[in-house]
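Enquirer: Quick one: this structure, given as structure tokens, is what I'll be asking you about.
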Number of protein chains: 2
Amino acid sequence: MKEVSEDSIAKQRKLFDEFIRRRGLKRSAQRNTVVDIFLNNTQHVSCDDVYAIVRRRGLKIGYSTVYRTLKLLTAANLAQEVNFGDGVTRYDHNYNFNFQNHYHLICTLCGETIEFTSRAVDKSQKSIARKYGFTPQHHKLEIYGLCRECQAA
Amino acid sequence: MKEVSEDSIAKQRKLFDEFIRRRGLKRSAQRNTVVDIFLNNTQHVSCDDVYAIVRRRGLKIGYSTVYRTLKLLTAANLAQEVNFGDGVTRYDHNYNFNFQNHYHLICTLCGETIEFTSRAVDKSQKSIARKYGFTPQHHKLEIYGLCRECQAA
DNA sequence: GTACTTGCAAATTATTTGCACATCA
DNA sequence: TGATGTGCAAATAATTTGCAAGTAC
């Protein structure tokens with residue numbers, strides 16, 4: 001998996017700040033913390049995950065604030081909601097603007113998720129969007145099945 | 001969009017009955033109704049949708065029964081859960097065994113969904129699954145963006 | 001007859017919202 | 001100062017579950 005560089009995080013943080021300004025919103029310690037946690041985490045996180053990290057850091061931020069900030073990150077196009085069928089919304093990085101998009105293999109038995117990238121998939125999606133006169137913002141691909149370990153078992 | 005033939009519905013119903021039998025479960029009028037509604041509907045439906053159709057037919061089936069039956073259809077691999085980000089789980093046909101898989105373009109402004117198929121995407125997915133020693137059961141691809149109409153507006 | 005199914009109401013879970021108070025610009 | 005943000009608790013929404021009574025095999 002591609003490493004997330006310091007540079008890229010700084011860049012994304014800048015994008016977020018611009019977004020806040022453009023919307024006439026304000027900065028705050030809580031927002032900074034949540035944005036920081038999200039950007040520095042390479043995995044897709046749930047609101048619960050982020051909240052747990054906040055508390056582990058000894059900080060106290062309301063649950064609603066975490067939710068609201070994750071929604072903001074989504075609106076800013078830095079995050080995207082993903083849903084693996086367990087009823088929990090997760091927030092994944094939206095690498096469109098910078099990295100290659102990544103997709104998921106999800107084991108229906110043990111729940112493990114594997115990330116992968118595919119130029120072929122990326123290309124197909126672009127051509128399909130064009131065909132339907134659609135301006136793509138983000139996309140997701142999930143393959144459900146049995147992982148190597150679970151097949152053996 | 002490909003038409004769903006009578007034959008295919010009968011075939012899927014048979015698959016469901018086999019599934020029921022294999023699991024030592026039983027048939028019932030309510031289950032038959034829900035399965036019937038699902039199979040004869042070409043669209044992805046929510047539990048609410050199915051419940052509304054049931055009532056429109058003048059029948060009375062409990063909400064939980066509808067939910068439970070849609071879960072059964074998923075377990076039988078005839079349906080698959082999809083989630084377009086509005087907090088509602090929808091059940092889509094799992095055409096794997098018979099048809100070409102189809103995917104979705106979802107307009108983030110008006111919510112319209114367009115279905116499409118793509119041999120290229122299908123192929124990429126197969127090869128990726130193979131690469132990771134993964135046995136795919138089903139997969140979904142969703143492209144979010146602005147539809148033609150919403151771009152103009 | 002035994003095990004499975006149903007329908008209701010209650011419980012659970014995830015997420016959102018109202019509002020008083022705090023904070024940023 | 002005035003608009004926006006926060007945190008709590010309460011509200012909402014979707015889904016699941018317990019249980020008594022009904023039904024399939």
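Residue names in the structure tokens use chain letters A, B, ... in the order shown, residue numbers from 1 in each chain, and ligand numbers from 1 in the order shown.
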Tell me, as a PDB file with C-alpha atoms (C1' of nucleotides), in the first residue's frame, which residues lie within 10 Å of DT15 (chain D), counting only C-alpha atoms (C1' of nucleotides); anything in the same chain fewer than 3 positions away does not count.
Expert:
ATOM      1  CA  GLY A  87     -24.604  -1.104   9.512  1.00  0.00           C
TER       2      GLY A  87
ATOM      3  CA  SER B  64     -39.987  -7.896  10.542  1.00  0.00           C
ATOM      4  CA  TYR B  67     -36.816  -7.831   6.709  1.00  0.00           C
ATOM      5  CA  THR B  89     -30.353  -0.556   2.909  1.00  0.00           C
TER       6      THR B  89
ATOM      7  C1'  DT C  12     -31.014  -1.866  20.121  1.00  0.00           C
ATOM      8  C1'  DT C  13     -27.969   0.760  17.220  1.00  0.00           C
ATOM      9  C1'  DA C  14     -26.486   4.423  14.455  1.00  0.00           C
TER      10       DA C  14
END
Enquirer: Distance cut-off 10 Å, counting only C-alpha atoms (C1' of nucleotides) - which residues of chain D neighbour chain B? Return them as a list of chain:residue names.
Expert: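 Those within range of chain B come out as D:DA13, D:DA14, D:DT15, D:DT16, D:DT17, D:DT23, D:DA24, D:DC25.
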Enquirer: Skip DC19 (chain D) itself and residues of its chain fewer than 4 positions away, then list as a list in words all residues within 12 Å of it, counting only C-alpha atoms (C1' of nucleotides).
Expert: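 Near neighbours after the sequence-gap exclusion: DT6, DG7, DC8, DA9 and DA10 of chain C.
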Enquirer: Using 12 Å as the limit and counting only C-alpha atoms (C1' of nucleotides), can you tabulate each residue of chain C that touches region 3-10 of chain D, with its shortest atom-to-atom distance in Å and the two atoms involved, as CSV?
Expert:
residue,atom,partner,partner_atom,distance
C:DT16,C1',D:DA10,C1',10.7
C:DT17,C1',D:DA10,C1',8.7
C:DG18,C1',D:DA10,C1',8.6
C:DC19,C1',D:DC8,C1',9.7
C:DA20,C1',D:DG7,C1',10.1
C:DC21,C1',D:DT6,C1',8.7
C:DA22,C1',D:DT6,C1',7.4
C:DT23,C1',D:DG5,C1',7.2
C:DC24,C1',D:DT4,C1',7.8
C:DA25,C1',D:DA3,C1',9.3
Enquirer: Residues of chain B no more than 10 Å from chain A, counting only C-alpha atoms: send them over as an NGL selection string.
Expert: :B and (80-85 or 87-89 or 103-108 or 114 or 116-126 or 128-129 or 132-151)
Enquirer: Export C-alpha atoms of the chosen residues as a tab-separated table (two decimals), in the first residue's frame?
Expert:
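That gives us again-v1.tsv:
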chain	number	residue	atom	x	y	z
B	80	GLN	CA	-27.35	-8.37	-2.36
B	81	GLU	CA	-27.45	-5.40	-0.05
B	82	VAL	CA	-26.55	-2.03	-1.52
B	83	ASN	CA	-26.24	1.27	0.17
B	84	PHE	CA	-26.39	4.62	-1.57
B	85	GLY	CA	-25.49	6.73	1.40
B	87	GLY	CA	-28.99	5.40	5.47
B	88	VAL	CA	-31.37	2.96	3.85
B	89	THR	CA	-30.35	-0.56	2.91
B	103	TYR	CA	-23.34	-1.31	-11.57
B	104	HIS	CA	-24.62	2.11	-10.59
B	105	LEU	CA	-24.08	5.74	-11.40
B	106	ILE	CA	-25.60	7.80	-8.57
B	107	CYS	CA	-26.26	11.52	-8.84
B	108	THR	CA	-25.24	13.22	-5.62
B	114	ILE	CA	-28.44	4.75	-13.62
B	116	PHE	CA	-24.89	-0.05	-16.45
B	117	THR	CA	-22.92	-3.15	-17.25
B	118	SER	CA	-19.28	-3.47	-18.16
B	119	ARG	CA	-17.41	-6.49	-19.35
B	120	ALA	CA	-14.15	-4.66	-18.71
B	121	VAL	CA	-14.99	-4.12	-15.06
B	122	ASP	CA	-16.15	-7.72	-14.69
B	123	LYS	CA	-12.86	-8.95	-16.07
B	124	SER	CA	-10.71	-6.74	-13.86
B	125	GLN	CA	-12.52	-7.94	-10.81
B	126	LYS	CA	-12.00	-11.57	-11.62
B	128	ILE	CA	-7.89	-9.12	-8.94
B	129	ALA	CA	-9.71	-11.73	-6.87
B	132	TYR	CA	-5.31	-12.24	-3.83
B	133	GLY	CA	-6.47	-15.84	-3.57
B	134	PHE	CA	-9.96	-14.54	-2.96
B	135	THR	CA	-13.12	-16.41	-3.97
B	136	PRO	CA	-15.55	-13.72	-5.04
B	137	GLN	CA	-19.23	-14.07	-4.18
B	138	HIS	CA	-20.54	-10.76	-5.37
B	139	HIS	CA	-19.30	-7.26	-5.90
B	140	LYS	CA	-20.60	-3.79	-6.38
B	141	LEU	CA	-19.37	-0.68	-8.03
B	142	GLU	CA	-20.88	2.73	-7.52
B	143	ILE	CA	-19.84	5.93	-9.22
B	144	TYR	CA	-21.06	9.11	-7.54
B	145	GLY	CA	-21.24	12.38	-9.39
B	146	LEU	CA	-23.49	14.78	-11.23
B	147	CYS	CA	-25.91	13.55	-13.86
B	148	ARG	CA	-26.38	15.39	-17.15
B	149	GLU	CA	-29.41	17.34	-15.92
B	150	CYS	CA	-27.85	18.44	-12.66
B	151	GLN	CA	-24.72	19.69	-14.37
